[in-house]
Every structure is written in C-alpha cells, then in structure tokens.
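What follows is a short report on a single structure.
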Amino acid sequence: MRIPDFALERFFARWEFAVKHLLCASDVEGWSMRELIDLADDECRALWDGLRLGYTESTGHPLLRAEIAELYERVEPDGVLVFAGAEEAIFCLANVLLRPGDHAVVTWPGYQSLYEVARATGAEVDLHELHESDGWELDVDRLLGGLRPETRLVVVNAPHNPTGMLPTHTEWARLTGSLAERGIHLLSDEVYRFLERDERDRLMPGADAFPRGISLGVMSKSFAMAGLRIGWLATRDDELLARCAAFKDYTTICSSAPSEILALIGLRAREQVLGRSLRIVSDNLELLDDFFRRRSDTFAWVRPRGGSVGFPRLFRGGPIDRFTADLVEAEGVLILPGSVFGHPGNHFRLGFGRTDLPEALARLEAFVDRTFG
Ligand SMILES: Cc1ncc(COP(=O)(O)O)c(C=O)c1O
C-alpha cells in the first residue's frame with residue numbers, strides 16, 4: 001500500500017513533546033494510573049491483580065466488549081470489535097469495505113486517515129466540505145446529492161474534529177434514514193461523543209440508527225485515556241465485523257492485556273470519568289469564549305457544539321503558519337495551523353481538553369496583545 005504522510009501526526013511528531021503548552025490537543029487530560037486503579041470495582045481489581053501477560057482474545061476481552069455494548073441500545077457484545085485505538089479500526093474498516101471502483105464520501109476538513117486510507121484502497125473519495133460561513137454545519141442535502149450507485153461508504157465525524165460541528169437530531173435522522181434506504185454503510189466517528197455542550201444534542205449512535213451503521217469509539221478523547229490505545233467498532237453488520245476481525249490478524253492480532261482491563265475500569269466508572277472530562281472542557285470553553293469576545297477584532301470563532309476542539313480563524317496579520325511558528329518560539333504554546341489539514345486560509349485548531357489551558361491561553365493573549373496591540 002502506498003499512502004501519503006499523515007500530516008497531523010508528522011506535525012505532532014515534531015512538536016508534541018517539545019513544547020510547554022499544547023493548545024491544540026484533541027484529547028482530554030489523561031488520567032493517572034493511580035487515580036484510575038482507585039476507581040476499580042472488586043471484579044476489575046481481581047482481574048488487574050491476577051493478570052497474566054499472554055496474548056488476549058483477538059476480538060477483545062469479553063467483559064470489555066460487554067461493557068462497550070452498554071453504550072448502545074441495539075448492539076450486543078458480539079457486535080463489538082476491539083482495536084488498538086480508533087486509528088487501527090479506521091484502517092481495517094476502510095480496507096475491508098472499499099476497493100477500486102467504489103466511491104466514498106468523507107467530511108472535511110477532518111482527521112486525515114478517515115479519507116486517506118479510503119483513497120489508498122483505490123476507491124474514489126469525495127470530500128464533503130464544511131464551511132465556516134455555514135457555521136460549519138453538515139449540509140445533508142448536498143451530501144446526499146453527491147452519492148452515486150457505486151457509493152459504498154459515507155464517513156461522518158460528529159462531534160467533529162476540528163470544527164466542533166454536531167448535526168441536529170433531524171438532520172441526523174434524515175442522513176441515516178437515507179443511507180439505510182440506499183444500502184450504504186455509514187462510518188460514524190463518535191470518538192468525541194459524550195462531550196456535547198448540551199446533553200440533549202447527543203446523537204443516536206450510528207450503530208443504533210440502522211443495521212449498516214458503524215460506530216467508532218475510543219478511550220482517548222471523552223474518556224481521557226489516550227495512552228491505553230483501546231478503540232472499537234460497534235455494528236449490527238455481523239458479516240462486516242467478521243471481515244474486520246480477519247483483517248486485524250495482519251495488524252495487531254489482539255489488544256494489550258493491561259490496557260483492556262484499564263479500559264474496563266474506566267468504562268465501568270464512566271459517570272465519574274465523563275463528569276471529569278465535561279468539567280475540564282466546559283471550564284476551558286468559558287475562558288475561550290471570553291478570550292474571543294475580547295479579541296473579536298482579531299479572530300473569528302464558531303463555538304463548537306460538541307467535542308474538545310474548535311477551528312477559529314485569524315483575520316489579521318497571518319499567514320497562520322508564520323503566526324504559529326512565532327507563537328511557539330515566543331511562548332512555547334502550540335496551535336495547529338489549518339495547513340496541517342490541507343485547509344487553505346488562516347484557520348487553526350484549538351484544543352480545550354487540557355488542564356494547562358488557562359496558562360496557555362494567557363500566553364497566547366499576551367502574544368496577541370504584543371503583536372496587534
Ligand atoms: C475524529 C478522530 N477520529 C479518530 C481519531 C483516532 O483516535 P486514536 O488516536 O485514539 O486512535 C482521532 C484522533 O485524533 C480523531 O480526532
């Protein structure tokens with residue numbers, strides 16, 4: 001397989017561990033091992049203490065699959081397949097579902113592997129572009145208008161990285177209903193699910209919406225445990241899941257044994273885990289709202305409806321790559337220029353899941369004040 005570099009990951013490989021403040025991370029501040037182990041119930045504690053470091057079940061620990069299935073209304077534990085992060089799940093699914101001659105539609109700007117792996121299978125991929133002038137909203141009519149007889153897959157990430165887009169329930173029902181009628185699979189990338197600004201806006205998972213809907217989940221974002229590298233696909237399409245399981249034999253075979261137990265602990269304590277994430281994200285978002293109100297002469301800001309990232313635009317000075325380089329040099333604060341998404345213009349990604357955001361934002365503001373007065 002020939003595949004272009006993953007620009008965002010290359011960017012992070014250069015910067016992530018070299019800067020003081022990551023003001024563009026998409027995950028929520030990670031749990032410490034000690035805090036997480038303290039959340040374990042008796043069964044998990046015994047599993048952890050007695051864990052043997054052999055190979056694990058390739059589909060995922062049965063208790064973990066059962067716990068993941070609890071996140072859905074209509075998915076049984078057998079409808080869950082565990083992967084090394086969401087990234088491996090995307091890789092396997094695209095390879096299993098798509099081939100030359102097929103067509104796929106993917107939301108954009110977005111997480112590169114969602115369209116790049118699809119393209120690398122030889123399928124033709126159209127990007128469904130979101131626009132700031134529409135408040136980054138998904139245009140369901142336009143998306144459906146671009147479907148073809150050979151369309152096999154639609155990929156929608158909501159809450160969306162990098163814009164925070166989240167369709168309304170009505171739009172979502174229209175999209176999933178229409179895909180169900182046409183027999184097209186939906187990969188619903190729900191890695192930021194549970195981080196909606198208003199819980200009532202939380203969408204029905206793709207896997208619940210229709211039998212060819214596939215939900216993509218992960219411990220990294222709302223569950224704040226990226227280092228576990230535990231993700232999953234959930235679907236009622238048994239045959240598709242079986243093919244993904246067979247493909248996984250060529251990637252990781254099975255998950256890390258300690259990570260599976262730790263993920264189980266985190267999921268069983270999800271009320272506490274998600275409560276913490278929501279508190280971090282909403283406190284930070286308030287600071288961002290104030291900042292963008294103060295600097296409305298410099299930035300355009302569409303408030304994210306969900307997730308832990310947003311995609312503001314610098315409309316003075318620029319270009320954004322220069323601004324990013326100057327900011328990191330002067331203040332040790334990293335933002336993610338839109339160019340990393342292949343996006344033209346002066347947008348940049350801000351992440352608000354980290355607990356050092358108040359200091360990072362103060363440094364950004366001082367830099368902006370010095371630069372623009
Ligand atoms: C939309 C989206 N999907 C999938 C992933 C991959 O998640 P992970 O790195 O935990 O595998 C990310 C990570 O940033 C993401 O933003």
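The chains in the structure tokens are called A, B, ... from first to last as shown; in each chain the residues are counted from 1, and the ligands are counted from 1 in the order shown.
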> Could you pull out the alpha helix (DSSP H) residues of region 129-321 of chain A from DSSP and send them as a count of residues only?
Replying inline: 74
Write out, as CSV, each residue of chain A that has an atom at most 6 Å from ligand 1, together with the closest pair of atoms and their distance in Å to one decimal, counting only C-alpha atoms and all ligand atoms, rows going by chain and rising number.
residue,atom,partner,partner_atom_place_in_ligand_line,distance
A:Ser26,CA,ligand 1,14 (O),5.8
A:Gly85,CA,ligand 1,11 (O),3.6
A:Ala86,CA,ligand 1,11 (O),3.6
A:Glu87,CA,ligand 1,11 (O),3.8
A:Tyr111,CA,ligand 1,1 (C),5.2
A:Asn157,CA,ligand 1,1 (C),5.7
A:Asn161,CA,ligand 1,1 (C),5.2
A:Asp189,CA,ligand 1,3 (N),6.0
A:Val191,CA,ligand 1,3 (N),5.9
A:Val218,CA,ligand 1,10 (O),5.8
A:Ser220,CA,ligand 1,10 (O),4.7
A:Ala226,CA,ligand 1,10 (O),5.6
Export of the given selection (C-alpha atoms) as a JSON list (two decimals), in the first residue's frame:
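This is the output file out_34.json:
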[["chain", "number", "residue", "atom", "x", "y", "z"],
["A", 26, "SER", "CA", -7.75, 16.86, 20.82],
["A", 85, "GLY", "CA", -7.17, 2.89, 19.18],
["A", 86, "ALA", "CA", -9.67, 4.30, 16.73],
["A", 87, "GLU", "CA", -6.87, 4.58, 14.20],
["A", 111, "TYR", "CA", -8.93, 13.56, 10.59],
["A", 157, "ASN", "CA", -17.30, 12.55, 12.34],
["A", 161, "ASN", "CA", -12.56, 17.42, 14.69],
["A", 189, "ASP", "CA", -16.81, 8.55, 14.02],
["A", 191, "VAL", "CA", -14.76, 9.49, 19.35],
["A", 218, "VAL", "CA", -12.19, 5.10, 21.62],
["A", 220, "SER", "CA", -8.69, 8.51, 24.04],
["A", 226, "ALA", "CA", -5.37, 8.00, 25.04]]
> Which polymer residues have any atom within 8 Å of an atom of Met165 (chain A), counting only C-alpha atoms, with same-chain residues fewer than 6 positions away left out, as a ChimeraX atom specification?
Replying inline: /A:136-138,158-159,304-306
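You can rank A:Leu288, A:Ile261, A:Leu357, A:Val309 by their closest distance to Asp41 (chain A) using only C-alpha atoms, and at the top of that list sits A:Ile261.
Atom to atom, CA of Arg370 (chain A) and CA of Pro162 (chain A) stand 27.2 Å apart.
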> Counting only C-alpha atoms, what is within 8 Å of His185 (chain A), bar same-chain residues fewer than 2 positions away, as a list in words?
Replying inline: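 These residues fall inside the cut-off: Arg152, Leu153, Val154, Leu179, Ala180, Gly183, Leu187, Arg212, Gly213 and Ile214 of chain A.
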Restricting the output to N, CA, C and O atoms, write the selected residues as a CSV table (one decimal), in the first residue's frame.
chain,number,residue,atom,x,y,z
A,152,ARG,N,-20.2,3.3,-1.5
A,152,ARG,CA,-20.2,2.1,-0.5
A,152,ARG,C,-20.2,2.6,0.9
A,152,ARG,O,-20.6,1.9,1.8
A,153,LEU,N,-19.6,3.8,1.1
A,153,LEU,CA,-19.4,4.3,2.4
A,153,LEU,C,-19.5,5.8,2.5
A,153,LEU,O,-19.0,6.5,1.7
A,154,VAL,N,-20.1,6.2,3.6
A,154,VAL,CA,-20.1,7.7,4.0
A,154,VAL,C,-19.5,7.7,5.4
A,154,VAL,O,-19.8,6.9,6.2
A,179,LEU,N,-29.4,6.8,4.0
A,179,LEU,CA,-28.3,5.8,3.8
A,179,LEU,C,-28.9,4.4,4.0
A,179,LEU,O,-28.5,3.5,3.2
A,180,ALA,N,-29.7,4.2,5.0
A,180,ALA,CA,-30.4,2.9,5.2
A,180,ALA,C,-31.2,2.5,3.9
A,180,ALA,O,-31.0,1.3,3.5
A,183,GLY,N,-28.8,1.4,1.2
A,183,GLY,CA,-27.9,0.3,1.5
A,183,GLY,C,-26.5,0.7,1.6
A,183,GLY,O,-25.6,-0.1,1.3
A,187,LEU,N,-19.8,5.1,8.4
A,187,LEU,CA,-18.9,5.1,9.5
A,187,LEU,C,-19.1,6.3,10.3
A,187,LEU,O,-18.8,7.4,9.8
A,212,ARG,N,-26.6,-1.0,8.8
A,212,ARG,CA,-25.3,-0.8,8.2
A,212,ARG,C,-24.5,0.4,8.8
A,212,ARG,O,-23.5,0.9,8.3
A,213,GLY,N,-25.0,0.9,9.9
A,213,GLY,CA,-24.3,2.0,10.6
A,213,GLY,C,-23.2,1.4,11.5
A,213,GLY,O,-23.4,0.3,12.1
A,214,ILE,N,-22.1,2.0,11.5
A,214,ILE,CA,-21.0,1.5,12.3
A,214,ILE,C,-20.5,2.6,13.2
A,214,ILE,O,-20.1,3.7,12.7
Counting only C-alpha atoms, which residues in region 235-290 of chain A sit no more than 9 Å from region 62-70 of chain A? For each one, give the nearest pair of atoms and the distance in Å, sorted by chain then residue number, as a Markdown table.
| residue | atom | partner | partner_atom | distance |
| --- | --- | --- | --- | --- |
| A:Glu260 | CA | A:Leu64 | CA | 6.8 |
| A:Ile261 | CA | A:Leu64 | CA | 7.6 |
| A:Ala263 | CA | A:Leu64 | CA | 7.4 |
| A:Leu264 | CA | A:Leu64 | CA | 5.4 |
| A:Leu267 | CA | A:Glu67 | CA | 6.8 |
| A:Arg268 | CA | A:Glu67 | CA | 7.1 |
Could you write out the selected residues, including N, CA, C and O atoms, as an mmCIF file, in the first residue's frame?
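Ended up saving to selection.cif:
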data_model
loop_
_atom_site.group_PDB
_atom_site.id
_atom_site.type_symbol
_atom_site.label_atom_id
_atom_site.label_comp_id
_atom_site.auth_asym_id
_atom_site.auth_seq_id
_atom_site.Cartn_x
_atom_site.Cartn_y
_atom_site.Cartn_z
ATOM 1 N N GLU A 260 -6.688 -3.488 28.226
ATOM 2 C CA GLU A 260 -8.081 -3.941 28.212
ATOM 3 C C GLU A 260 -8.712 -3.842 29.594
ATOM 4 O O GLU A 260 -9.854 -3.409 29.734
ATOM 5 N N ILE A 261 -7.966 -4.240 30.611
ATOM 6 C CA ILE A 261 -8.526 -4.191 31.972
ATOM 7 C C ILE A 261 -8.697 -2.743 32.418
ATOM 8 O O ILE A 261 -9.714 -2.365 33.006
ATOM 9 N N ALA A 263 -9.194 -0.176 30.503
ATOM 10 C CA ALA A 263 -10.337 0.388 29.770
ATOM 11 C C ALA A 263 -11.650 -0.066 30.410
ATOM 12 O O ALA A 263 -12.602 0.722 30.528
ATOM 13 N N LEU A 264 -11.685 -1.312 30.838
ATOM 14 C CA LEU A 264 -12.885 -1.828 31.505
ATOM 15 C C LEU A 264 -13.166 -1.033 32.783
ATOM 16 O O LEU A 264 -14.310 -0.655 33.066
ATOM 17 N N LEU A 267 -14.517 2.386 31.766
ATOM 18 C CA LEU A 267 -15.889 2.357 31.235
ATOM 19 C C LEU A 267 -16.903 2.079 32.339
ATOM 20 O O LEU A 267 -17.995 2.643 32.349
ATOM 21 N N ARG A 268 -16.542 1.202 33.258
ATOM 22 C CA ARG A 268 -17.483 0.915 34.359
ATOM 23 C C ARG A 268 -17.670 2.136 35.251
ATOM 24 O O ARG A 268 -18.720 2.304 35.852
#
>> I'd like the neighbourhood of Phe311 (chain A) as a ChimeraX atom specification, where a residue qualifies if any of its atoms comes within 12 Å (using only C-alpha atoms), though same-chain residues fewer than 5 positions away should be ignored.
In response: /A:23-24,26,109-110,130-132,135-136,160-165,288,299-305,335-338,341,343,345-352
Can you write just those residues out, C-alpha atoms, as a short mmCIF file (atom, residue, chain, number, x, y, z; two decimals), in the first residue's frame?
data_model
loop_
_atom_site.label_atom_id
_atom_site.label_comp_id
_atom_site.auth_asym_id
_atom_site.auth_seq_id
_atom_site.Cartn_x
_atom_site.Cartn_y
_atom_site.Cartn_z
CA LEU A 23 -3.11 24.33 23.00
CA CYS A 24 -4.25 22.13 20.11
CA SER A 26 -7.75 16.86 20.82
CA PRO A 109 -11.58 19.28 6.88
CA GLY A 110 -11.02 16.32 9.14
CA LEU A 130 -17.81 22.12 5.80
CA HIS A 131 -17.75 25.93 5.64
CA GLU A 132 -17.29 28.48 8.38
CA GLY A 135 -21.37 27.71 10.96
CA TRP A 136 -19.50 24.55 9.84
CA HIS A 160 -16.32 16.97 14.64
CA ASN A 161 -12.56 17.42 14.69
CA PRO A 162 -11.58 20.22 14.08
CA THR A 163 -14.76 22.36 13.96
CA GLY A 164 -16.95 21.02 16.79
CA MET A 165 -19.80 20.52 14.29
CA LEU A 288 -12.05 30.69 25.35
CA PHE A 299 -10.27 36.13 15.49
CA ALA A 300 -13.50 34.64 14.14
CA TRP A 301 -14.85 31.92 16.47
CA VAL A 302 -17.66 29.48 15.82
CA ARG A 303 -18.41 27.95 19.23
CA PRO A 304 -18.12 24.13 18.99
CA ARG A 305 -21.42 22.30 19.67
CA ILE A 335 -1.63 25.71 17.95
CA LEU A 336 -2.37 23.63 14.86
CA PRO A 337 -2.47 25.60 11.59
CA GLY A 338 -5.19 24.67 9.10
CA PHE A 341 -5.49 19.60 7.41
CA HIS A 343 -7.14 23.62 4.60
CA GLY A 345 -6.68 30.29 4.75
CA ASN A 346 -5.94 31.22 8.32
CA HIS A 347 -7.89 28.77 10.44
CA PHE A 348 -6.21 26.88 13.25
CA ARG A 349 -7.25 24.15 15.67
CA LEU A 350 -7.53 24.91 19.35
CA GLY A 351 -7.93 22.10 21.87
CA PHE A 352 -9.60 22.74 25.22
#
>> List as a list of chain:residue names the protein and nucleic acid residues near Cys92 (chain A), meaning an atom at most 7 Å away when only C-alpha atoms are counted, but skip any in the same chain fewer than 2 places from it.
In response: A:Glu88, A:Ala89, A:Ile90, A:Ala94, A:Asn95, A:Val96, A:Cys244, A:Phe247, A:Lys248
I need the residues from that last selection saved to file as a PDB file, in the first residue's frame (with N, CA and C atoms), if you can.
ATOM      1  N   GLU A  88      -6.567   2.162  14.308  1.00  0.00           N
ATOM      2  CA  GLU A  88      -6.496   0.820  13.717  1.00  0.00           C
ATOM      3  C   GLU A  88      -7.870   0.396  13.162  1.00  0.00           C
ATOM      4  N   ALA A  89      -8.917   0.802  13.880  1.00  0.00           N
ATOM      5  CA  ALA A  89     -10.271   0.448  13.430  1.00  0.00           C
ATOM      6  C   ALA A  89     -10.565   1.079  12.068  1.00  0.00           C
ATOM      7  N   ILE A  90     -10.165   2.341  11.894  1.00  0.00           N
ATOM      8  CA  ILE A  90     -10.372   3.035  10.615  1.00  0.00           C
ATOM      9  C   ILE A  90      -9.612   2.298   9.506  1.00  0.00           C
ATOM     10  N   ALA A  94     -11.759   0.502   6.397  1.00  0.00           N
ATOM     11  CA  ALA A  94     -11.645   1.005   5.020  1.00  0.00           C
ATOM     12  C   ALA A  94     -11.101  -0.089   4.110  1.00  0.00           C
ATOM     13  N   ASN A  95     -10.133  -0.840   4.591  1.00  0.00           N
ATOM     14  CA  ASN A  95      -9.547  -1.896   3.762  1.00  0.00           C
ATOM     15  C   ASN A  95     -10.517  -3.033   3.488  1.00  0.00           C
ATOM     16  N   VAL A  96     -11.379  -3.286   4.433  1.00  0.00           N
ATOM     17  CA  VAL A  96     -12.333  -4.376   4.269  1.00  0.00           C
ATOM     18  C   VAL A  96     -13.493  -3.968   3.357  1.00  0.00           C
ATOM     19  N   CYS A 244     -13.592  -7.575   9.374  1.00  0.00           N
ATOM     20  CA  CYS A 244     -12.643  -6.677  10.062  1.00  0.00           C
ATOM     21  C   CYS A 244     -11.777  -7.491  11.026  1.00  0.00           C
ATOM     22  N   PHE A 247      -9.127  -9.174   9.129  1.00  0.00           N
ATOM     23  CA  PHE A 247      -8.095  -8.236   8.663  1.00  0.00           C
ATOM     24  C   PHE A 247      -7.142  -7.870   9.807  1.00  0.00           C
ATOM     25  N   LYS A 248      -7.698  -7.763  10.993  1.00  0.00           N
ATOM     26  CA  LYS A 248      -6.909  -7.372  12.166  1.00  0.00           C
ATOM     27  C   LYS A 248      -5.796  -8.379  12.467  1.00  0.00           C
TER      28      LYS A 248
END
> Quick one: residues within 10 Å of Arg202 (chain A), only C-alpha atoms counted, chain neighbours fewer than 4 positions away excluded, as a count of residues only?
Replying inline: 14
> Which residue gives the smallest distance to Arg294 (chain A) among A:Glu365, A:Tyr192, A:Tyr55, A:Leu39, with only C-alpha atoms counted?
Replying inline: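 Comparing A:Glu365, A:Tyr192, A:Tyr55, A:Leu39 against Arg294 (chain A), the winner is A:Glu365.
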> Per DSSP on the backbone, what are the strand (DSSP E or B) residues of region 69-108 of chain A, as a PyMOL selection string?
Replying inline: chain A and resi 80-83+103-108
>> Between A:Arg119, A:Arg313, A:Arg200, A:His128, which residue has the minimum interatomic distance to Val106 (chain A), considering only C-alpha atoms?
In response: A:His128
